[in-house]
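Reproduced below: work-v6.txt, with compact mmCIF, C-alpha atoms and all ligand atoms.
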# COMPACT_ATOMS: atom_id res chain seq x y z
CA MET D 1 -154.23 -171.75 44.80
CA SER D 2 -153.12 -171.20 41.20
CA LYS D 3 -155.39 -174.10 40.28
CA GLN D 4 -158.39 -171.88 40.84
CA GLU D 5 -159.63 -169.90 37.85
CA TRP D 6 -160.40 -166.20 38.32
CA PRO D 7 -164.13 -165.55 38.06
CA LEU D 8 -165.70 -164.48 34.79
CA TYR D 9 -167.29 -161.03 34.43
CA GLU D 10 -169.61 -159.86 31.66
CA VAL D 11 -168.71 -156.45 30.22
CA PHE D 12 -171.21 -153.76 29.17
CA ILE D 13 -170.18 -150.54 27.44
CA ARG D 14 -172.00 -147.23 27.03
CA SER D 15 -170.48 -145.92 23.80
CA LYS D 16 -171.66 -142.35 24.37
CA ALA D 17 -173.93 -140.42 26.68
CA GLY D 18 -177.53 -140.92 25.69
CA LEU D 19 -177.14 -144.56 24.66
CA SER D 20 -177.71 -147.67 26.79
CA HIS D 21 -174.93 -149.95 27.93
CA ARG D 22 -174.45 -152.81 25.55
CA HIS D 23 -172.91 -156.24 26.10
CA ALA D 24 -169.39 -156.48 24.66
CA GLY D 25 -167.95 -159.75 25.92
CA SER D 26 -166.34 -161.02 29.08
CA VAL D 27 -163.11 -160.92 31.05
CA HIS D 28 -161.57 -162.88 33.90
CA ALA D 29 -160.46 -160.96 36.98
CA ALA D 30 -159.59 -161.66 40.59
CA ASP D 31 -161.84 -158.86 41.88
CA ASP D 32 -164.26 -156.15 40.78
CA GLN D 33 -161.69 -153.39 40.31
CA MET D 34 -159.46 -155.64 38.22
CA ALA D 35 -162.49 -156.60 36.15
CA LEU D 36 -163.06 -152.94 35.32
CA ASP D 37 -159.40 -152.40 34.46
CA ASN D 38 -159.26 -155.52 32.30
CA ALA D 39 -162.51 -154.60 30.57
CA ARG D 40 -161.10 -151.15 29.79
CA ASP D 41 -157.88 -152.59 28.34
CA THR D 42 -159.65 -155.34 26.41
CA TYR D 43 -162.74 -153.60 25.04
CA THR D 44 -162.09 -149.85 24.89
CA ARG D 45 -158.62 -149.39 23.37
CA ARG D 46 -160.07 -147.01 20.77
CA SER D 47 -162.32 -144.87 22.96
CA GLU D 48 -165.30 -147.16 22.40
CA GLY D 49 -166.87 -146.17 25.69
CA VAL D 50 -167.66 -143.43 28.20
CA SER D 51 -168.92 -145.83 30.87
CA LEU D 52 -168.31 -149.48 31.73
CA TRP D 53 -170.33 -151.99 33.72
CA VAL D 54 -168.91 -155.33 34.78
CA VAL D 55 -170.95 -157.97 36.55
CA ARG D 56 -170.00 -161.46 37.71
CA SER D 57 -171.36 -163.86 35.08
CA ASP D 58 -172.67 -166.21 37.77
CA ARG D 59 -174.84 -163.41 39.18
CA ILE D 60 -176.82 -162.99 35.96
CA VAL D 61 -180.30 -164.50 35.98
CA ALA D 62 -181.29 -165.48 32.47
CA SER D 63 -184.41 -166.84 30.82
CA ASP D 64 -184.13 -170.32 29.38
CA PRO D 65 -184.05 -170.37 25.54
CA ALA D 66 -185.58 -173.86 25.54
CA GLU D 67 -188.61 -172.38 27.33
CA SER D 68 -188.70 -169.13 25.39
CA ALA D 69 -191.82 -170.00 23.37
CA ALA D 70 -193.86 -170.55 26.52
CA PHE D 71 -192.13 -167.76 28.45
CA PHE D 72 -192.89 -165.06 25.89
CA GLU D 73 -196.23 -166.55 24.83
CA PRO D 74 -198.40 -164.08 26.86
CA ALA D 75 -197.26 -161.28 24.54
CA GLU D 76 -197.98 -163.19 21.36
CA ASP D 77 -201.78 -163.04 21.15
CA LYS D 78 -202.31 -159.43 22.19
CA ILE D 79 -202.05 -157.85 18.81
CA TYR D 80 -204.30 -155.00 20.01
CA ARG D 81 -201.25 -153.67 21.82
CA HIS D 82 -199.86 -152.53 18.47
CA PRO D 83 -201.15 -149.39 16.76
CA THR D 84 -201.38 -151.27 13.46
CA PHE D 85 -204.29 -153.26 14.95
CA TYR D 86 -206.62 -150.31 14.52
CA ASP D 87 -208.24 -149.11 11.31
CA ILE D 88 -208.10 -145.39 10.81
CA PRO D 89 -211.17 -144.06 9.05
CA ASP D 90 -210.55 -142.12 5.84
CA GLY D 91 -210.27 -138.41 6.43
CA VAL D 92 -208.75 -138.66 9.91
CA GLU D 93 -205.24 -137.29 10.09
CA ASN D 94 -202.43 -137.06 12.60
CA LEU D 95 -203.70 -140.03 14.65
CA MET A 96 -189.72 -210.17 28.39
CA TYR A 97 -190.80 -209.99 24.79
CA THR A 98 -193.14 -207.04 25.43
CA GLN A 99 -190.48 -205.27 27.45
CA GLY A 100 -188.17 -205.59 24.47
CA LEU A 101 -190.83 -204.10 22.26
CA ASP A 102 -191.33 -201.19 24.64
CA GLN A 103 -187.63 -200.45 24.64
CA ALA A 104 -187.45 -200.57 20.86
CA GLY A 105 -190.42 -198.21 20.68
CA LYS A 106 -188.78 -195.80 23.09
CA ASP A 107 -185.47 -195.86 21.21
CA LYS A 108 -187.29 -195.15 18.00
CA GLN A 109 -189.12 -192.24 19.58
CA LEU A 110 -185.88 -190.82 21.00
CA ALA A 111 -184.17 -191.17 17.65
CA SER A 112 -186.93 -189.35 15.84
CA GLU A 113 -186.97 -186.60 18.46
CA ALA A 114 -183.22 -186.16 17.98
CA GLU A 115 -183.75 -186.02 14.23
CA ASP A 116 -186.45 -183.36 14.61
CA ARG A 117 -184.19 -181.23 16.76
CA LEU A 118 -181.37 -181.57 14.26
CA SER A 119 -183.52 -180.53 11.33
CA ALA A 120 -185.02 -177.65 13.33
CA PHE A 121 -181.46 -176.51 14.08
CA GLN A 122 -180.42 -176.75 10.43
CA ALA A 123 -183.54 -174.83 9.42
CA ARG A 124 -182.58 -171.99 11.78
CA VAL A 125 -179.07 -171.92 10.30
CA ASP A 126 -180.42 -172.02 6.74
CA ALA A 127 -182.69 -169.07 7.57
CA GLU A 128 -179.58 -167.13 8.65
CA GLU A 129 -180.74 -167.04 12.27
CA LYS A 130 -177.91 -166.72 14.75
CA ILE A 131 -177.32 -169.51 17.25
CA GLU A 132 -176.71 -168.23 20.77
CA ALA A 133 -174.79 -169.77 23.63
CA LYS A 134 -177.65 -171.38 25.54
CA ASP A 135 -179.55 -172.59 22.46
CA TRP A 136 -179.69 -176.26 21.66
CA MET A 137 -176.98 -177.24 19.17
CA PRO A 138 -175.61 -180.53 17.86
CA GLU A 139 -172.65 -181.76 19.87
CA ALA A 140 -170.47 -181.83 16.74
CA TYR A 141 -171.31 -178.18 16.01
CA ARG A 142 -170.23 -177.25 19.52
CA ARG A 143 -167.02 -179.28 19.23
CA THR A 144 -166.16 -177.80 15.84
CA LEU A 145 -166.61 -174.30 17.19
CA VAL A 146 -164.59 -174.93 20.34
CA ARG A 147 -161.76 -176.31 18.23
CA GLN A 148 -161.85 -173.49 15.70
CA ILE A 149 -162.34 -170.57 18.10
CA SER A 150 -159.72 -171.76 20.57
CA GLN A 151 -157.22 -172.41 17.77
CA HIS A 152 -157.94 -168.93 16.53
CA ALA A 153 -157.41 -167.48 20.02
CA HIS A 154 -154.14 -169.39 20.45
CA SER A 155 -152.93 -168.03 17.10
CA GLU A 156 -153.51 -164.45 18.24
CA ILE A 157 -151.60 -165.09 21.47
CA ILE A 158 -148.64 -166.92 19.92
CA GLY A 159 -148.75 -164.44 17.05
CA MET A 160 -147.56 -161.70 19.40
CA GLN A 161 -144.11 -163.31 19.62
CA PRO A 162 -142.63 -162.85 16.14
CA GLU A 163 -143.56 -159.15 16.19
CA GLY A 164 -142.83 -158.70 19.88
CA ASN A 165 -139.24 -159.62 19.03
CA TRP A 166 -138.86 -156.29 17.25
CA LEU A 167 -140.47 -154.01 19.83
CA THR A 168 -137.17 -152.97 21.35
CA ARG A 169 -135.47 -152.67 17.97
CA ALA A 170 -138.05 -150.68 16.02
CA PRO A 171 -136.24 -148.03 13.94
CA SER A 172 -138.04 -145.02 15.47
CA LEU A 173 -140.19 -144.07 18.42
CA LYS A 174 -143.19 -143.70 16.10
CA ARG A 175 -142.71 -147.21 14.67
CA LYS A 176 -142.26 -148.56 18.16
CA ALA A 177 -145.48 -146.99 19.46
CA ILE A 178 -147.40 -148.31 16.45
CA LEU A 179 -146.00 -151.82 16.79
CA LEU A 180 -146.74 -151.84 20.50
CA ALA A 181 -150.38 -150.91 19.80
CA LYS A 182 -150.58 -153.58 17.12
CA VAL A 183 -149.21 -156.31 19.35
CA GLN A 184 -151.53 -155.22 22.15
CA ASP A 185 -154.46 -155.54 19.73
CA GLU A 186 -153.44 -159.13 19.04
CA ALA A 187 -153.58 -159.88 22.77
CA GLY A 188 -157.05 -158.31 22.75
CA HIS A 189 -158.10 -160.53 19.83
CA GLY A 190 -156.99 -163.57 21.77
CA LEU A 191 -159.08 -162.45 24.72
CA TYR A 192 -162.23 -161.72 22.67
CA LEU A 193 -161.93 -165.17 21.17
CA TYR A 194 -161.28 -167.04 24.42
CA SER A 195 -164.32 -165.28 25.80
CA ALA A 196 -166.41 -166.41 22.79
CA ALA A 197 -165.19 -170.00 23.19
CA GLU A 198 -166.05 -169.99 26.89
CA THR A 199 -169.72 -169.42 26.03
CA LEU A 200 -169.64 -172.97 24.65
CA GLY A 201 -168.82 -174.42 28.04
CA VAL A 202 -165.05 -174.84 27.85
CA SER A 203 -162.96 -173.12 30.54
CA ARG A 204 -160.16 -170.64 29.88
CA ASP A 205 -157.79 -172.70 31.99
CA GLN A 206 -158.55 -175.80 29.94
CA MET A 207 -157.84 -173.99 26.68
CA VAL A 208 -154.59 -172.55 27.99
CA ALA A 209 -153.55 -175.97 29.29
CA ASP A 210 -154.24 -177.50 25.85
CA LEU A 211 -152.09 -174.86 24.18
CA LEU A 212 -149.20 -175.31 26.59
CA SER A 213 -149.28 -179.11 26.40
CA GLY A 214 -149.12 -178.93 22.60
CA LYS A 215 -152.51 -180.64 22.30
CA ALA A 216 -154.14 -177.59 20.72
CA LYS A 217 -152.91 -176.16 17.43
CA TYR A 218 -152.35 -172.60 16.29
CA SER A 219 -151.71 -171.09 12.87
CA SER A 220 -148.61 -172.43 11.11
CA ILE A 221 -147.50 -168.92 10.12
CA PHE A 222 -146.29 -167.95 13.58
CA ASN A 223 -143.59 -170.61 13.54
CA TYR A 224 -141.46 -168.62 11.12
CA PRO A 225 -138.73 -166.28 12.42
CA THR A 226 -138.64 -162.50 12.02
CA LEU A 227 -135.09 -161.92 10.81
CA SER A 228 -135.17 -158.25 9.86
CA TRP A 229 -137.30 -155.14 10.40
CA ALA A 230 -138.78 -155.68 6.95
CA ASP A 231 -140.38 -158.86 8.30
CA ILE A 232 -142.57 -156.68 10.51
CA GLY A 233 -143.76 -154.91 7.37
CA ALA A 234 -144.31 -158.20 5.56
CA ILE A 235 -146.28 -159.65 8.48
CA GLY A 236 -148.66 -156.69 8.69
CA TRP A 237 -149.11 -156.55 4.96
CA LEU A 238 -149.32 -160.27 4.15
CA VAL A 239 -150.18 -162.14 7.35
CA ASP A 240 -152.74 -159.68 8.64
CA GLY A 241 -153.92 -159.26 5.04
CA ALA A 242 -154.52 -163.01 4.76
CA ALA A 243 -156.16 -163.00 8.20
CA ILE A 244 -158.58 -160.30 7.04
CA MET A 245 -159.61 -162.43 4.04
CA ASN A 246 -160.36 -165.27 6.43
CA GLN A 247 -162.02 -163.21 9.11
CA ILE A 248 -164.41 -160.97 7.19
CA PRO A 249 -166.70 -163.88 6.25
CA LEU A 250 -166.51 -165.08 9.88
CA CYS A 251 -168.35 -161.90 10.92
CA ARG A 252 -171.41 -163.65 9.43
CA CYS A 253 -170.75 -166.98 11.15
CA SER A 254 -173.90 -168.71 12.43
CA TYR A 255 -172.66 -168.70 16.01
CA GLY A 256 -173.51 -165.29 17.50
CA PRO A 257 -170.70 -164.85 20.07
CA TYR A 258 -168.02 -165.82 17.50
CA ALA A 259 -169.52 -163.54 14.84
CA ARG A 260 -169.62 -160.60 17.25
CA ALA A 261 -166.02 -161.17 18.36
CA MET A 262 -164.98 -161.22 14.70
CA VAL A 263 -166.69 -157.90 14.00
CA ARG A 264 -164.58 -156.38 16.74
CA VAL A 265 -161.41 -158.05 15.43
CA CYS A 266 -162.00 -156.99 11.82
CA LYS A 267 -162.42 -153.35 12.82
CA GLU A 268 -158.87 -153.46 14.19
CA GLU A 269 -157.22 -155.54 11.48
CA SER A 270 -157.18 -152.95 8.76
CA PHE A 271 -154.91 -150.78 10.89
CA HIS A 272 -152.60 -153.79 11.18
CA GLN A 273 -152.43 -154.35 7.47
CA ARG A 274 -151.94 -150.69 6.66
CA GLN A 275 -149.13 -150.19 9.16
CA GLY A 276 -147.40 -153.20 7.59
CA PHE A 277 -147.83 -151.88 4.08
CA ASP A 278 -146.59 -148.51 5.28
CA ILE A 279 -143.36 -150.10 6.55
CA MET A 280 -142.91 -151.89 3.20
CA HIS A 281 -143.63 -148.70 1.30
CA ALA A 282 -141.07 -146.75 3.33
CA LEU A 283 -138.43 -149.42 2.71
CA CYS A 284 -139.23 -149.64 -1.00
CA SER A 285 -138.90 -145.86 -1.32
CA GLY A 286 -135.54 -145.95 0.45
CA SER A 287 -132.02 -147.05 -0.45
CA ASP A 288 -131.25 -150.13 -2.58
CA LYS A 289 -130.31 -151.94 0.60
CA GLN A 290 -133.66 -151.16 2.21
CA LYS A 291 -135.53 -152.26 -0.88
CA ALA A 292 -133.55 -155.49 -0.92
CA MET A 293 -134.59 -156.06 2.69
CA ALA A 294 -138.23 -155.67 1.71
CA GLN A 295 -137.82 -158.10 -1.20
CA ASP A 296 -136.10 -160.62 1.04
CA ALA A 297 -138.97 -160.44 3.55
CA LEU A 298 -141.55 -160.93 0.79
CA ASP A 299 -139.54 -163.90 -0.53
CA ARG A 300 -139.66 -165.60 2.85
CA TRP A 301 -143.27 -164.73 3.87
CA TRP A 302 -145.12 -165.19 0.58
CA TRP A 303 -145.51 -168.95 0.55
CA PRO A 304 -146.18 -169.37 4.28
CA SER A 305 -148.88 -166.68 3.90
CA LEU A 306 -150.58 -168.71 1.16
CA MET A 307 -150.48 -171.75 3.46
CA MET A 308 -152.46 -169.81 6.08
CA PHE A 309 -155.64 -170.57 4.14
CA GLY A 310 -155.20 -174.27 4.85
CA PRO A 311 -155.13 -177.32 2.59
CA ASN A 312 -156.62 -177.37 -0.90
CA ASP A 313 -160.38 -177.90 -0.94
CA SER A 314 -159.92 -181.45 -2.18
CA GLU A 315 -157.92 -182.25 0.97
CA SER A 316 -159.85 -180.25 3.53
CA LYS A 317 -161.69 -182.64 5.82
CA HIS A 318 -163.95 -180.33 7.86
CA SER A 319 -164.98 -177.96 5.09
CA ALA A 320 -168.28 -179.35 3.81
CA GLN A 321 -169.89 -179.64 7.23
CA SER A 322 -168.65 -176.21 8.33
CA MET A 323 -170.13 -174.72 5.17
CA ALA A 324 -173.49 -176.40 5.83
CA TRP A 325 -173.45 -175.02 9.37
CA LYS A 326 -172.51 -171.59 8.00
CA ILE A 327 -169.45 -171.43 10.20
CA LYS A 328 -167.48 -171.12 7.00
CA ARG A 329 -168.72 -169.15 4.00
CA PHE A 330 -165.95 -169.59 1.44
CA SER A 331 -163.63 -172.48 0.74
CA ASN A 332 -159.88 -172.35 1.46
CA ASP A 333 -159.02 -172.14 -2.23
CA GLU A 334 -161.54 -169.37 -2.91
CA LEU A 335 -160.09 -167.24 -0.12
CA ARG A 336 -156.51 -167.94 -1.20
CA GLN A 337 -157.35 -166.88 -4.75
CA LYS A 338 -158.88 -163.62 -3.52
CA PHE A 339 -155.77 -162.93 -1.48
CA VAL A 340 -153.42 -163.56 -4.41
CA ASP A 341 -155.50 -161.38 -6.73
CA VAL A 342 -155.40 -158.31 -4.49
CA THR A 343 -151.85 -158.77 -3.18
CA VAL A 344 -150.09 -159.11 -6.53
CA GLN A 345 -151.25 -155.63 -7.48
CA GLN A 346 -149.97 -154.22 -4.20
CA ALA A 347 -146.58 -155.88 -4.75
CA ASP A 348 -146.46 -154.31 -8.22
CA PHE A 349 -147.09 -150.92 -6.67
CA LEU A 350 -144.20 -151.45 -4.27
CA GLY A 351 -141.97 -152.57 -7.13
CA LEU A 352 -141.42 -155.96 -5.50
CA SER A 353 -141.64 -159.29 -7.26
CA ILE A 354 -143.66 -162.23 -5.99
CA PRO A 355 -141.34 -165.26 -5.65
CA ASP A 356 -143.35 -167.49 -7.98
CA ASP A 357 -142.25 -168.19 -11.57
CA ASP A 358 -145.64 -169.68 -12.40
CA LEU A 359 -147.59 -166.60 -11.38
CA GLN A 360 -149.53 -165.11 -14.28
CA PHE A 361 -152.74 -163.28 -14.99
CA ASP A 362 -155.37 -165.35 -16.73
CA ASP A 363 -157.36 -163.10 -19.08
CA THR A 364 -160.24 -165.53 -19.42
CA THR A 365 -160.90 -165.98 -15.66
CA GLY A 366 -159.72 -162.55 -14.55
CA HIS A 367 -157.65 -164.21 -11.81
CA TYR A 368 -153.99 -164.93 -11.25
CA THR A 369 -152.85 -168.51 -11.54
CA PHE A 370 -150.00 -169.44 -9.23
CA GLY A 371 -147.54 -172.23 -8.55
CA GLU A 372 -147.96 -175.32 -6.39
CA ILE A 373 -147.65 -174.81 -2.63
CA ASP A 374 -145.10 -176.95 -0.82
CA TRP A 375 -147.62 -178.92 1.26
CA GLN A 376 -144.90 -181.02 2.83
CA GLU A 377 -143.52 -177.89 4.45
CA PHE A 378 -147.01 -177.02 5.69
CA LEU A 379 -147.49 -180.48 7.20
CA ASP A 380 -144.07 -180.34 8.85
CA VAL A 381 -144.84 -177.00 10.50
CA ILE A 382 -148.27 -178.19 11.66
CA ALA A 383 -146.66 -181.32 13.08
CA GLY A 384 -144.41 -179.16 15.26
CA ASN A 385 -141.28 -179.12 13.12
CA GLY A 386 -141.28 -175.61 11.73
CA PRO A 387 -138.32 -173.29 12.31
CA CYS A 388 -139.65 -171.86 15.61
CA ASN A 389 -142.34 -174.19 16.98
CA ARG A 390 -140.39 -175.24 20.06
CA GLN A 391 -139.22 -171.73 20.84
CA ARG A 392 -142.75 -170.29 20.58
CA LEU A 393 -144.27 -172.82 22.93
CA GLU A 394 -141.39 -172.64 25.40
CA LYS A 395 -141.65 -168.88 25.57
CA ARG A 396 -145.42 -169.05 26.15
CA LYS A 397 -144.92 -171.65 28.88
CA GLN A 398 -142.29 -169.55 30.54
CA ALA A 399 -144.46 -166.43 30.46
CA HIS A 400 -147.29 -168.46 31.97
CA ASP A 401 -145.08 -169.88 34.73
CA ASP A 402 -143.43 -166.54 35.45
CA GLY A 403 -146.86 -164.97 35.87
CA ALA A 404 -148.13 -167.60 38.30
CA TRP A 405 -147.13 -165.68 41.43
CA VAL A 406 -148.95 -162.58 40.17
CA ARG A 407 -152.16 -164.53 39.58
CA GLU A 408 -151.87 -166.15 42.99
CA ALA A 409 -151.15 -162.88 44.78
CA ALA A 410 -154.12 -161.16 43.11
CA GLN A 411 -156.40 -163.98 44.13
CA GLU A 412 -155.08 -163.92 47.69
CA TYR A 413 -155.63 -160.17 47.88
CA ALA A 414 -159.18 -160.51 46.53
CA LEU A 415 -160.00 -163.17 49.14
CA LYS A 416 -158.57 -161.03 51.92
CA GLN A 417 -160.53 -157.97 50.79
CA ALA A 418 -163.73 -160.01 50.55
CA ALA A 419 -163.20 -161.39 54.06
CA ARG A 420 -162.59 -157.89 55.41
CA THR A 421 -165.81 -156.54 53.86
CA ALA A 422 -167.76 -159.52 55.19
CA ALA A 423 -166.43 -159.01 58.74
FE FE J 1 -155.44 -160.47 15.23
FE FE J 2 -153.76 -158.45 13.29

Written as structure tokens, how would this file's structure read?
Amino acid sequence: MSKQEWPLYEVFIRSKAGLSHRHAGSVHAADDQMALDNARDTYTRRSEGVSLWVVRSDRIVASDPAESAAFFEPAEDKIYRHPTFYDIPDGVENL
Amino acid sequence: MYTQGLDQAGKDKQLASEAEDRLSAFQARVDAEEKIEAKDWMPEAYRRTLVRQISQHAHSEIIGMQPEGNWLTRAPSLKRKAILLAKVQDEAGHGLYLYSAAETLGVSRDQMVADLLSGKAKYSSIFNYPTLSWADIGAIGWLVDGAAIMNQIPLCRCSYGPYARAMVRVCKEESFHQRQGFDIMHALCSGSDKQKAMAQDALDRWWWPSLMMFGPNDSESKHSAQSMAWKIKRFSNDELRQKFVDVTVQQADFLGLSIPDDDLQFDDTTGHYTFGEIDWQEFLDVIAGNGPCNRQRLEKRKQAHDDGAWVREAAQEYALKQAARTAA
């Protein structure tokens, strides 16, 4: 029984209302509630957060960095998606 | 047969050149100050170096709670006790940030803990010295956390992302540690002759071990060059030690304490202090497990681990039972 390691949870903190949750690190915990408690004690001892998310690390689906060139390639050649692609004629303002 | 041999040689050559390409692409990323992230390709030796360094660092934070923890129940006031408790709790937090960073490299928490308890893994030599008086708590915050800050600030720019981010978090908390230590020293030095003598005695005992925290001289340091090339390390041991001496001597002057080194003097031409030879034999003895408290520190950690086993098991059992109940 004690041979089994508690699962790993990733910890995300919202530092104040209006901002997104941001990854802070990870904690081990036997269950979800303990993961929240451990995350609070480990990562918010100085009021760093107003909201915490914890999620089992093995439940995260991640893109593969080795494939990232191919994976993100569709966005690479569409420079017309950026406003800087367009020339603004002289004399036109507030565009 | 002959052609097959040729094929194999060709394949080996191709594999070798692919490996070389990957290695130089990796070094180019590091040279460009790009951060390496957990799932990125990295040389095996880079991974091993980081696992060793980060886990040693984590172990130091965990063992480092003991010398100060010894004074929690004997702090001279409720205020000092609350501060020390918060400081020691921070050190536990540092250990946890760092274990979590090391785990991104594929080593398990249990494995790291097992390596610490078996004596296979090392931790900082400094935590094998005893805390004999309350002034030692001041000296540790001022000198030991001060030396740690010198070491850790450049690590915030380490090439490995998860380690660098953990160090940013640690460094934010360290300056409280150093200031509370200096504050204890300052209070003692502004007190009675007896209190001031206590502060001097603590400085006498902690000065040299603090200088040893930076590790061997550059000429003796075996991992340094590679770690510098990988941008894990940014400054050499001797550079960091010099910085520490330069700033700390002035603080000791302010306190009216004297550094226990007859060779210490300011060099007008370099603008730095020169200082006496460190007793490297003592350093090696402590690293080898023969410092004043090595056995005690490890035994206490083992006992805490064993005493906590039933709690870990009960929590796991409860979690399984709850999960089964929800599933049913
Ligand atoms: Fe620390
Ligand atoms: Fe500290």

Taking all atoms listed in the file into account, find every residue of chain A that has an atom no more than 7 Å from chain D, and write it out as a short mmCIF file (atom, residue, chain, number, x, y, z; two decimals) with C-alpha atoms, keeping the file's coordinate frame.
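Here's the written file out.cif:
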data_model
loop_
_atom_site.label_atom_id
_atom_site.label_comp_id
_atom_site.auth_asym_id
_atom_site.auth_seq_id
_atom_site.Cartn_x
_atom_site.Cartn_y
_atom_site.Cartn_z
CA LYS A 134 -177.65 -171.38 25.54
CA ASP A 135 -179.55 -172.59 22.46
CA GLY A 188 -157.05 -158.31 22.75
CA TYR A 192 -162.23 -161.72 22.67
CA SER A 195 -164.32 -165.28 25.80
CA ASP A 205 -157.79 -172.70 31.99
CA ALA A 404 -148.13 -167.60 38.30
CA ARG A 407 -152.16 -164.53 39.58
CA GLU A 408 -151.87 -166.15 42.99
CA ALA A 410 -154.12 -161.16 43.11
CA GLN A 411 -156.40 -163.98 44.13
CA ALA A 414 -159.18 -160.51 46.53
#

Give me, as a short mmCIF file (atom, residue, chain, number, x, y, z; two decimals) with C-alpha atoms, in the frame of the given file, the set of residues whose atoms come within 10 Å of any atom of ligand FE 1 (chain J), counting all atoms listed in the file.
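Saved result, selection08.cif, follows:
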data_model
loop_
_atom_site.label_atom_id
_atom_site.label_comp_id
_atom_site.auth_asym_id
_atom_site.auth_seq_id
_atom_site.Cartn_x
_atom_site.Cartn_y
_atom_site.Cartn_z
CA HIS A 152 -157.94 -168.93 16.53
CA ALA A 153 -157.41 -167.48 20.02
CA SER A 155 -152.93 -168.03 17.10
CA GLU A 156 -153.51 -164.45 18.24
CA ILE A 157 -151.60 -165.09 21.47
CA GLY A 159 -148.75 -164.44 17.05
CA MET A 160 -147.56 -161.70 19.40
CA LYS A 182 -150.58 -153.58 17.12
CA VAL A 183 -149.21 -156.31 19.35
CA GLN A 184 -151.53 -155.22 22.15
CA ASP A 185 -154.46 -155.54 19.73
CA GLU A 186 -153.44 -159.13 19.04
CA ALA A 187 -153.58 -159.88 22.77
CA GLY A 188 -157.05 -158.31 22.75
CA HIS A 189 -158.10 -160.53 19.83
CA GLY A 190 -156.99 -163.57 21.77
CA LEU A 193 -161.93 -165.17 21.17
CA VAL A 239 -150.18 -162.14 7.35
CA ASP A 240 -152.74 -159.68 8.64
CA ALA A 243 -156.16 -163.00 8.20
CA ILE A 244 -158.58 -160.30 7.04
CA GLN A 247 -162.02 -163.21 9.11
CA MET A 262 -164.98 -161.22 14.70
CA VAL A 265 -161.41 -158.05 15.43
CA CYS A 266 -162.00 -156.99 11.82
CA GLU A 268 -158.87 -153.46 14.19
CA GLU A 269 -157.22 -155.54 11.48
CA HIS A 272 -152.60 -153.79 11.18
#

Report the distance between CA of Arg59 in chain D and CA of Ser254 in chain A in Å, rounded to one decimal place.
27.3 Å

Around all the atoms of range 300-307 of chain A listed in the file, draw an axis-aligned box and extend it by 8 Å on each of the six sides; I want its centre and edge lengths in Å to one decimal, as lines of an AutoDock Vina configuration file.
center_x = -145.1
center_y = -168.2
center_z = 2.4
size_x = 26.9
size_y = 23.0
size_z = 19.7

Between CA of Leu52 in chain D and CA of Phe12 in chain D, what is the distance, to one decimal in Å?
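We find that CA of Leu52 in chain D and CA of Phe12 in chain D lie 5.8 Å from each other.
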
With all atoms listed in the file as the atoms that count, which of A:Leu180, A:Ala259, A:Ile235, A:Ala418 lies nearest to ligand FE 2 (chain J)?
A:Ile235

Contact residues around Asp341 in chain A with only C-alpha atoms at 8 Å, ignoring same-chain residues under 3 positions, as a list in words
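These residues fall inside the cut-off: Gln337, Lys338, Val344, Gln345, His367 and Tyr368 of chain A.
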
For Phe339 in chain A, find every residue with an atom within 9 Å (counting all atoms listed in the file), except residues of its own chain fewer than 2 positions away, and show them as an NGL selection string.
:A and (238 or 241-242 or 245 or 306 or 334-337 or 341-344)

Provide the CA of Phe271 in chain A to CA of Ile178 in chain A distance in Å, to one decimal place.
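So the two atoms, CA of Phe271 in chain A and CA of Ile178 in chain A, lie 9.7 Å apart.
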
Using only C-alpha atoms, which protein or nucleic acid residues come within 8 Å of Gly276 in chain A? Drop anything in the same chain fewer than 3 positions from it, and give the result as JSON, numbers by chain.
{"A": [232, 233, 234, 235, 236, 237, 272, 273, 279, 280]}

Using only C-alpha atoms, can you tell me which of A:Asn246, A:Asn223, A:Gln417, A:Ser322 comes closest to Leu393 in chain A?
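Among A:Asn246, A:Asn223, A:Gln417, A:Ser322, it is A:Asn223 that comes nearest to Leu393 in chain A.
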